[in-house]
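Trainee: Next comes model_7.cif, mmCIF, C-alpha atoms:
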data_query
loop_
_atom_site.label_atom_id
_atom_site.label_comp_id
_atom_site.auth_asym_id
_atom_site.auth_seq_id
_atom_site.Cartn_x
_atom_site.Cartn_y
_atom_site.Cartn_z
CA MET B 1 100.97 122.02 -118.64
CA SER B 2 104.68 122.86 -118.88
CA ARG B 3 106.22 122.84 -122.38
CA THR B 4 109.50 121.47 -121.02
CA PRO B 5 110.29 118.87 -118.31
CA THR B 6 110.61 120.06 -114.72
CA THR B 7 113.40 117.75 -113.53
CA GLU B 8 117.05 118.27 -114.48
CA GLN B 9 117.67 114.83 -115.97
CA ALA B 10 114.54 114.96 -118.11
CA TYR B 11 115.32 118.54 -119.19
CA ILE B 12 118.79 117.56 -120.45
CA ALA B 13 117.31 114.62 -122.36
CA PHE B 14 114.71 117.00 -123.84
CA ALA B 15 117.47 119.39 -124.95
CA ARG B 16 119.49 116.61 -126.60
CA GLN B 17 116.47 115.18 -128.40
CA HIS B 18 115.27 118.54 -129.67
CA TYR B 19 118.71 119.70 -130.76
CA THR B 20 118.84 116.60 -132.96
CA ILE B 21 115.42 117.46 -134.40
CA TRP B 22 116.16 121.17 -134.83
CA SER B 23 119.57 120.62 -136.46
CA GLY B 24 118.06 118.22 -139.00
CA GLY B 25 121.11 115.97 -139.35
CA GLN B 26 122.48 115.57 -142.89
CA ALA B 27 119.30 117.03 -144.35
CA GLY B 28 120.01 120.32 -142.60
CA PRO B 29 117.84 122.27 -140.15
CA PRO B 30 114.11 122.50 -140.83
CA ALA B 31 112.55 125.88 -141.48
CA ILE B 32 111.72 126.75 -137.87
CA GLY B 33 113.52 130.08 -137.60
CA LEU B 34 116.67 128.97 -135.73
CA SER B 35 119.99 130.28 -137.05
CA SER B 36 123.17 128.21 -137.26
CA LEU B 37 124.59 130.30 -134.40
CA GLN B 38 121.58 129.52 -132.19
CA LEU B 39 121.88 125.83 -132.98
CA GLN B 40 125.58 125.86 -132.09
CA GLU B 41 124.81 127.58 -128.78
CA THR B 42 122.16 124.93 -128.08
CA SER B 43 124.64 122.14 -128.83
CA ASP B 44 127.35 123.67 -126.62
CA ALA B 45 124.94 124.28 -123.72
CA THR B 46 123.59 120.72 -123.95
CA ASP B 47 127.11 119.24 -123.98
CA ALA B 48 128.07 121.30 -120.92
CA ALA B 49 124.92 120.35 -118.99
CA GLU B 50 125.35 116.63 -119.77
CA ALA B 51 128.97 116.71 -118.59
CA ALA B 52 128.15 118.65 -115.41
CA TYR B 53 125.23 116.34 -114.56
CA ALA B 54 127.39 113.24 -115.08
CA ALA B 55 130.04 114.77 -112.80
CA VAL B 56 127.43 115.36 -110.09
CA LEU B 57 126.24 111.74 -110.26
CA ALA B 58 129.84 110.48 -110.10
CA ALA B 59 130.59 112.71 -107.12
CA ARG B 60 127.40 111.57 -105.39
CA ASP B 61 128.35 107.90 -105.89
CA ALA B 62 131.87 108.60 -104.58
CA SER B 63 130.46 110.41 -101.55
CA LYS B 64 128.09 107.54 -100.82
CA ALA B 65 130.95 105.02 -101.04
CA ALA B 66 133.13 107.15 -98.76
CA THR B 67 130.30 107.46 -96.23
CA GLU B 68 129.77 103.69 -96.23
CA ALA B 69 133.52 103.12 -95.72
CA LYS B 70 133.52 105.60 -92.80
CA ASP B 71 130.46 103.95 -91.25
CA ASN B 72 132.08 100.51 -91.50
CA ALA B 73 135.32 101.79 -89.96
CA MET B 74 133.42 103.48 -87.12
CA ALA B 75 131.39 100.33 -86.46
CA ALA B 76 134.61 98.27 -86.26
CA LEU B 77 136.22 100.83 -83.93
CA GLN B 78 133.17 100.94 -81.66
CA ALA B 79 133.13 97.13 -81.48
CA VAL B 80 136.81 97.03 -80.43
CA ILE B 81 136.51 99.85 -77.87
CA GLY B 82 133.30 98.32 -76.53
CA GLY B 83 135.10 95.02 -76.02
CA ASP B 84 137.95 96.80 -74.22
CA ILE B 85 135.52 98.52 -71.86
CA ASP B 86 133.68 95.24 -71.21
CA THR B 87 137.00 93.66 -70.21
CA ILE B 88 137.85 96.57 -67.89
CA ASP B 89 134.39 96.37 -66.28
CA ALA B 90 134.73 92.62 -65.76
CA PHE B 91 138.18 93.05 -64.20
CA ALA B 92 136.97 95.82 -61.86
CA LYS B 93 134.02 93.72 -60.74
CA ALA B 94 136.14 90.58 -60.28
CA THR B 95 138.73 92.40 -58.18
CA LYS B 96 136.08 94.55 -56.47
CA ASP B 97 138.39 97.50 -57.01
CA PRO B 98 136.63 100.70 -58.17
CA ASN B 99 140.07 102.26 -58.71
CA VAL B 100 140.29 100.22 -61.93
CA TRP B 101 137.93 102.67 -63.64
CA VAL B 102 139.98 105.58 -62.29
CA LEU B 103 143.16 104.10 -63.77
CA ALA B 104 141.38 103.47 -67.08
CA GLN B 105 140.02 107.07 -67.00
CA ILE B 106 136.48 105.98 -67.79
CA PRO B 107 133.36 106.36 -65.63
CA ALA B 108 132.14 103.35 -63.71
CA PRO B 109 129.04 101.80 -65.33
CA LYS B 110 125.74 103.11 -64.08
CA GLU B 111 123.10 100.84 -62.68
CA PRO B 112 120.51 100.09 -65.38
CA SER B 113 117.35 102.13 -65.16
CA GLU B 114 114.09 101.72 -66.98
CA ARG B 115 113.54 104.04 -69.94
CA THR B 116 110.15 104.93 -71.26
CA ALA B 117 109.30 104.78 -74.93
CA PRO B 118 110.03 108.01 -76.86
CA PRO B 119 107.13 110.16 -78.09
CA ALA B 120 105.88 109.92 -81.65
CA PRO B 121 107.68 112.18 -84.16
CA VAL B 122 105.71 114.82 -86.05
CA PHE B 123 106.13 114.92 -89.84
CA GLY B 124 106.15 118.23 -91.71
CA GLU B 125 105.47 119.02 -95.37
CA LEU B 126 107.13 117.01 -98.15
CA LEU B 127 108.99 118.85 -100.91
CA GLN B 128 110.33 117.85 -104.33
CA THR B 129 113.83 118.98 -105.32
CA GLY B 130 114.93 120.10 -108.76
CA SER B 131 116.30 116.59 -109.35
CA GLY B 132 112.89 115.07 -108.66
CA PHE B 133 113.82 113.65 -105.24
CA ILE B 134 111.44 113.81 -102.25
CA ARG B 135 112.68 115.66 -99.18
CA GLY B 136 111.06 115.40 -95.76
CA THR B 137 111.61 116.72 -92.24
CA PHE B 138 110.15 115.58 -88.94
CA THR B 139 110.52 116.74 -85.35
CA VAL B 140 110.73 114.94 -82.02
CA VAL B 141 109.92 116.68 -78.73
CA SER B 142 112.31 114.49 -76.73
CA GLY B 143 113.92 111.08 -76.82
CA GLY B 144 117.62 111.86 -77.36
CA GLY B 145 119.86 109.10 -78.65
CA ALA B 146 117.12 107.50 -80.73
CA GLN B 147 117.26 106.33 -84.31
CA TYR B 148 114.36 106.85 -86.68
CA GLN B 149 112.77 104.11 -88.74
CA LEU B 150 111.33 105.53 -91.97
CA GLN B 151 108.60 103.77 -93.95
CA ARG B 152 107.14 104.58 -97.38
CA ARG B 153 103.88 103.51 -99.01
CA ASP B 154 103.49 103.79 -102.81
CA THR B 155 100.34 104.33 -104.86
CA ALA B 156 100.54 103.31 -108.53
CA LEU B 157 99.00 105.37 -111.34
CA GLY B 158 96.14 102.89 -111.45
CA GLY B 159 95.26 103.76 -107.84
CA THR B 160 96.56 100.60 -106.15
CA THR B 161 98.24 101.36 -102.81
CA GLY B 162 100.96 99.05 -101.53
CA ALA B 163 101.97 98.13 -97.99
CA TRP B 164 104.20 100.20 -95.70
CA THR B 165 107.85 99.31 -96.34
CA VAL B 166 110.97 100.31 -94.38
CA VAL B 167 113.18 102.44 -96.65
CA GLY B 168 115.74 103.69 -94.15
CA VAL B 169 116.94 104.00 -90.56
CA LEU B 170 118.00 107.60 -89.89
CA ALA B 171 120.08 109.45 -87.33
CA ASP B 172 119.00 112.84 -88.72
CA LYS B 173 115.54 114.34 -88.92
CA THR B 174 115.78 115.61 -92.51
CA PHE B 175 116.18 113.14 -95.37
CA GLU B 176 116.06 112.92 -99.14
CA ASP B 177 114.52 109.92 -100.87
CA GLN B 178 116.55 109.48 -104.05
CA GLY B 179 115.01 106.12 -104.94
CA VAL B 180 111.31 106.77 -105.56
CA PRO B 181 110.19 104.35 -108.31
CA VAL B 182 109.17 105.90 -111.63
CA GLY B 183 105.49 106.16 -112.54
CA LEU B 184 103.84 106.50 -109.12
CA LEU B 185 100.74 108.58 -108.48
CA LYS B 186 101.61 109.23 -104.83
CA VAL B 187 104.08 108.40 -102.07
CA GLU B 188 103.41 108.54 -98.32
CA TYR B 189 105.83 108.46 -95.40
CA ARG B 190 105.71 107.83 -91.67
CA VAL B 191 108.47 107.50 -89.07
CA ARG B 192 108.97 106.30 -85.51
CA ALA B 193 111.77 106.76 -82.98
CA GLN B 194 113.51 103.68 -81.61
CA LEU B 195 115.90 103.45 -78.63
CA SER B 196 118.89 101.10 -78.37
CA THR B 197 116.85 99.13 -75.81
CA GLY B 198 114.38 98.26 -78.58
CA MET B 199 111.60 100.46 -77.22
CA ALA B 200 109.88 102.37 -80.02
CA SER B 201 107.52 105.30 -80.23
CA PRO B 202 104.13 105.20 -81.92
CA TRP B 203 104.21 105.96 -85.66
CA SER B 204 104.11 109.61 -86.65
CA ASN B 205 101.37 111.23 -88.65
CA GLU B 206 101.31 110.08 -92.29
CA VAL B 207 102.27 112.62 -94.97
CA GLY B 208 101.89 112.22 -98.73
CA PHE B 209 103.17 113.75 -101.96
CA ASN B 210 101.08 113.65 -105.16
CA PHE B 211 102.91 113.51 -108.50
CA GLY B 212 99.81 113.99 -110.64
CA SER B 213 98.62 112.07 -113.67
CA GLN B 214 102.09 112.00 -115.29
CA GLY B 215 103.49 110.04 -112.36
CA SER B 216 106.80 110.23 -110.52
CA PRO B 217 109.89 110.95 -112.67
CA GLU B 218 112.73 108.52 -113.30
CA SER B 219 115.43 108.65 -110.62
CA PRO B 220 119.13 108.26 -111.50
CA ILE B 221 119.81 106.81 -108.04
CA THR B 222 119.47 103.20 -106.93
CA ALA B 223 116.05 102.44 -105.46
CA GLY B 224 115.90 102.69 -101.71
CA SER B 225 118.60 105.36 -101.39
CA ILE B 226 117.73 107.53 -98.37
CA VAL B 227 120.32 110.20 -97.57
CA PRO B 228 120.47 112.71 -94.70
CA VAL B 229 120.20 116.42 -95.59
CA THR B 230 121.70 119.22 -93.53
CA ALA B 231 121.52 122.11 -95.98
CA GLY B 232 120.60 122.92 -99.58
CA ASP B 233 118.01 124.65 -101.66
CA HIS B 234 114.65 123.01 -102.27
CA ARG B 235 111.32 123.94 -103.76
CA ALA B 236 107.78 122.81 -103.25
CA ALA B 237 106.09 121.04 -106.14
CA GLY B 238 103.10 118.92 -106.99
#
Could you take the file, read its structure, and then write that structure out as structure tokens?

Mentor:
Amino acid sequence: MSRTPTTEQAYIAFARQHYTIWSGGQAGPPAIGLSSLQLQETSDATDAAEAAYAAVLAARDASKAATEAKDNAMAALQAVIGGDIDTIDAFAKATKDPNVWVLAQIPAPKEPSERTAPPAPVFGELLQTGSGFIRGTFTVVSGGGAQYQLQRRDTALGGTTGAWTVVGVLADKTFEDQGVPVGLLKVEYRVRAQLSTGMASPWSNEVGFNFGSQGSPESPITAGSIVPVTAGDHRAAG
């Protein structure tokens, strides 16, 4: 069993708590062998880590807000452009003039064709990051243009397993779950691809991550926060 916590947030809390114990407050430090210089170094390092961690959380919240603003702006733009193209198509069909699309410099609409359902994705190994988040990656043989519906199933420390619940709809195939509830024995994930037509693949294989008897750590992020990951260090755990 580790003598110190394994996640960053818990480690900083451990350092703050134990500095308070080791410094002894007004009574002075207990006889545990630590010099005043060592205690000062511990205090300074704890202050710096707390400030840096708070800055990371603030930056993450700002990034999430900026991403949501961008997504909303893109959705509004796509709705307007889509309406423009619908009007151009209707005008070309009403006038029976294919030159309308030439003047608009957009391709004429293709005749609708039937699309088959995409194949089931294949889930790889789950990893736990230094912050205690769960990171997963899956692959899809084909089925371009699909979105991916991600579900999670939680098992409590008492052994009770809940139902599958949708926790995110992804455009990328690597994600980080920053909202795993605290105190779980295990989490499991599965994913399926879904086309804009509504056709969906079968569910992928189910993959799980065991936290052990101590349970999942507390997350500083709002529950249900699934973010895409394109790069970054990670480590296996559990």

Trainee: Evaluate the PyMOL selection byres ((chain B and resi 199) around 9) against this structure - the residues, as a PDB file with C-alpha atoms, keeping the file's coordinate frame, please.

Mentor:
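Result file is out30.pdb:
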ATOM      1  CA  ARG B 115     113.540 104.040 -69.940  1.00  0.00           C
ATOM      2  CA  THR B 116     110.150 104.930 -71.260  1.00  0.00           C
ATOM      3  CA  ALA B 117     109.300 104.780 -74.930  1.00  0.00           C
ATOM      4  CA  PRO B 118     110.030 108.010 -76.860  1.00  0.00           C
ATOM      5  CA  ALA B 193     111.770 106.760 -82.980  1.00  0.00           C
ATOM      6  CA  GLN B 194     113.510 103.680 -81.610  1.00  0.00           C
ATOM      7  CA  LEU B 195     115.900 103.450 -78.630  1.00  0.00           C
ATOM      8  CA  SER B 196     118.890 101.100 -78.370  1.00  0.00           C
ATOM      9  CA  THR B 197     116.850  99.130 -75.810  1.00  0.00           C
ATOM     10  CA  GLY B 198     114.380  98.260 -78.580  1.00  0.00           C
ATOM     11  CA  ALA B 200     109.880 102.370 -80.020  1.00  0.00           C
ATOM     12  CA  SER B 201     107.520 105.300 -80.230  1.00  0.00           C
TER      13      SER B 201
END

Trainee: Work out how far apart CA of Glu218 (chain B) and CA of Gln38 (chain B) are and give it in Å to one decimal.

Mentor: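 Separating CA of Glu218 (chain B) from CA of Gln38 (chain B) is a distance of 29.6 Å.
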
Trainee: By how many Å are CA of Met74 (chain B) and CA of Asp61 (chain B) apart?

Mentor: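 About the pair CA of Met74 (chain B) and CA of Asp61 (chain B): they are 19.9 Å apart.
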
Trainee: Identify all residues satisfying the PyMOL selection byres ((chain B and resi 147) around 7) in the given file; provide them as a list in words.

Mentor: Gly145, Ala146, Tyr148, Gln149, Val169, Leu170, Ala171, Ala193, Gln194 and Leu195 of chain B

Trainee: Restricting the output to C-alpha atoms, write the selected residues as a PDB file, in the coordinates of the input.

Mentor:
ATOM      1  CA  GLY B 145     119.860 109.100 -78.650  1.00  0.00           C
ATOM      2  CA  ALA B 146     117.120 107.500 -80.730  1.00  0.00           C
ATOM      3  CA  TYR B 148     114.360 106.850 -86.680  1.00  0.00           C
ATOM      4  CA  GLN B 149     112.770 104.110 -88.740  1.00  0.00           C
ATOM      5  CA  VAL B 169     116.940 104.000 -90.560  1.00  0.00           C
ATOM      6  CA  LEU B 170     118.000 107.600 -89.890  1.00  0.00           C
ATOM      7  CA  ALA B 171     120.080 109.450 -87.330  1.00  0.00           C
ATOM      8  CA  ALA B 193     111.770 106.760 -82.980  1.00  0.00           C
ATOM      9  CA  GLN B 194     113.510 103.680 -81.610  1.00  0.00           C
ATOM     10  CA  LEU B 195     115.900 103.450 -78.630  1.00  0.00           C
TER      11      LEU B 195
END

Trainee: Would you compute the distance between CA of Glu41 (chain B) and CA of Thr7 (chain B)? Give it in Å to one decimal.

Mentor: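 Computed distance, CA of Glu41 (chain B) to CA of Thr7 (chain B), equals 21.4 Å.
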
Trainee: Looking at all atoms listed in the file, which of B:Leu34, B:Val122, B:Ile85, B:Val187 is the one that sits closest to Gln105 (chain B)?

Mentor: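 Nearest candidate to Gln105 (chain B) out of B:Leu34, B:Val122, B:Ile85, B:Val187: B:Ile85.
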
Trainee: Using all atoms listed in the file, list the residues that have an atom at most 10 Å from (119.2, 118.4, -126.6), coordinates as in the file, as a list of chain:residue names.

Mentor: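 Using all atoms listed in the file, the matching residues come out as B:Tyr11, B:Ile12, B:Ala13, B:Phe14, B:Ala15, B:Arg16, B:Gln17, B:His18, B:Tyr19, B:Thr20, B:Ile21, B:Trp22, B:Thr42, B:Ser43, B:Asp44, B:Ala45, B:Thr46, B:Asp47, B:Ala49, B:Glu50.
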
Trainee: So that I can see what lies close to Arg135 (chain B), please list as a count of residues only the residues with an atom at most 9 Å from it, counting all atoms listed in the file and leaving out residues fewer than 5 positions away in the same chain.

Mentor: 12

Trainee: Give me the result of the PyMOL selection byres ((chain B and resi 106-112) around 12) on this file, residue by residue, as an MDAnalysis selection string.

Mentor: chainID B and resid 81 84:86 88:93 97:105 113:115 197

Trainee: Rank nothing, just name the residue among B:Gly25, B:Gly162, B:Gly82, B:Gly168 nearest to Val191 (chain B), using all atoms listed in the file.

Mentor: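 Selected residue with least distance to Val191 (chain B): B:Gly168.
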
Trainee: Which one of B:Val227, B:Val180, B:Ile134, B:Val140 sits closest to Thr155 (chain B) if you count only C-alpha atoms?

Mentor: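 Answer, going by the shortest atom-to-atom distance: B:Val180.
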
Trainee: Which is closest to Phe123 (chain B) among B:Pro228, B:Gly158, B:Gly208, B:Gly83, if we use all atoms listed in the file?

Mentor: B:Gly208

Trainee: Can you list, as number ranges by chain, every protein, DNA or RNA residue that comes within 12 Å of Asp154 (chain B) when you count all atoms listed in the file, leaving out same-chain residues fewer than 3 positions away?

Mentor: B: 151, 157-167, 179-189, 207-211, 215-216

Trainee: Starting from 3 Å padding per side, set up an axis-aligned box that covers all listed atoms of region 96-107 of chain B and hand over centre and edge lengths in Å, one decimal, as AutoDock Vina command-line options.

Mentor:
--center_x 138.3 --center_y 100.8 --center_z -62.1 --size_x 15.8 --size_y 18.5 --size_z 17.3
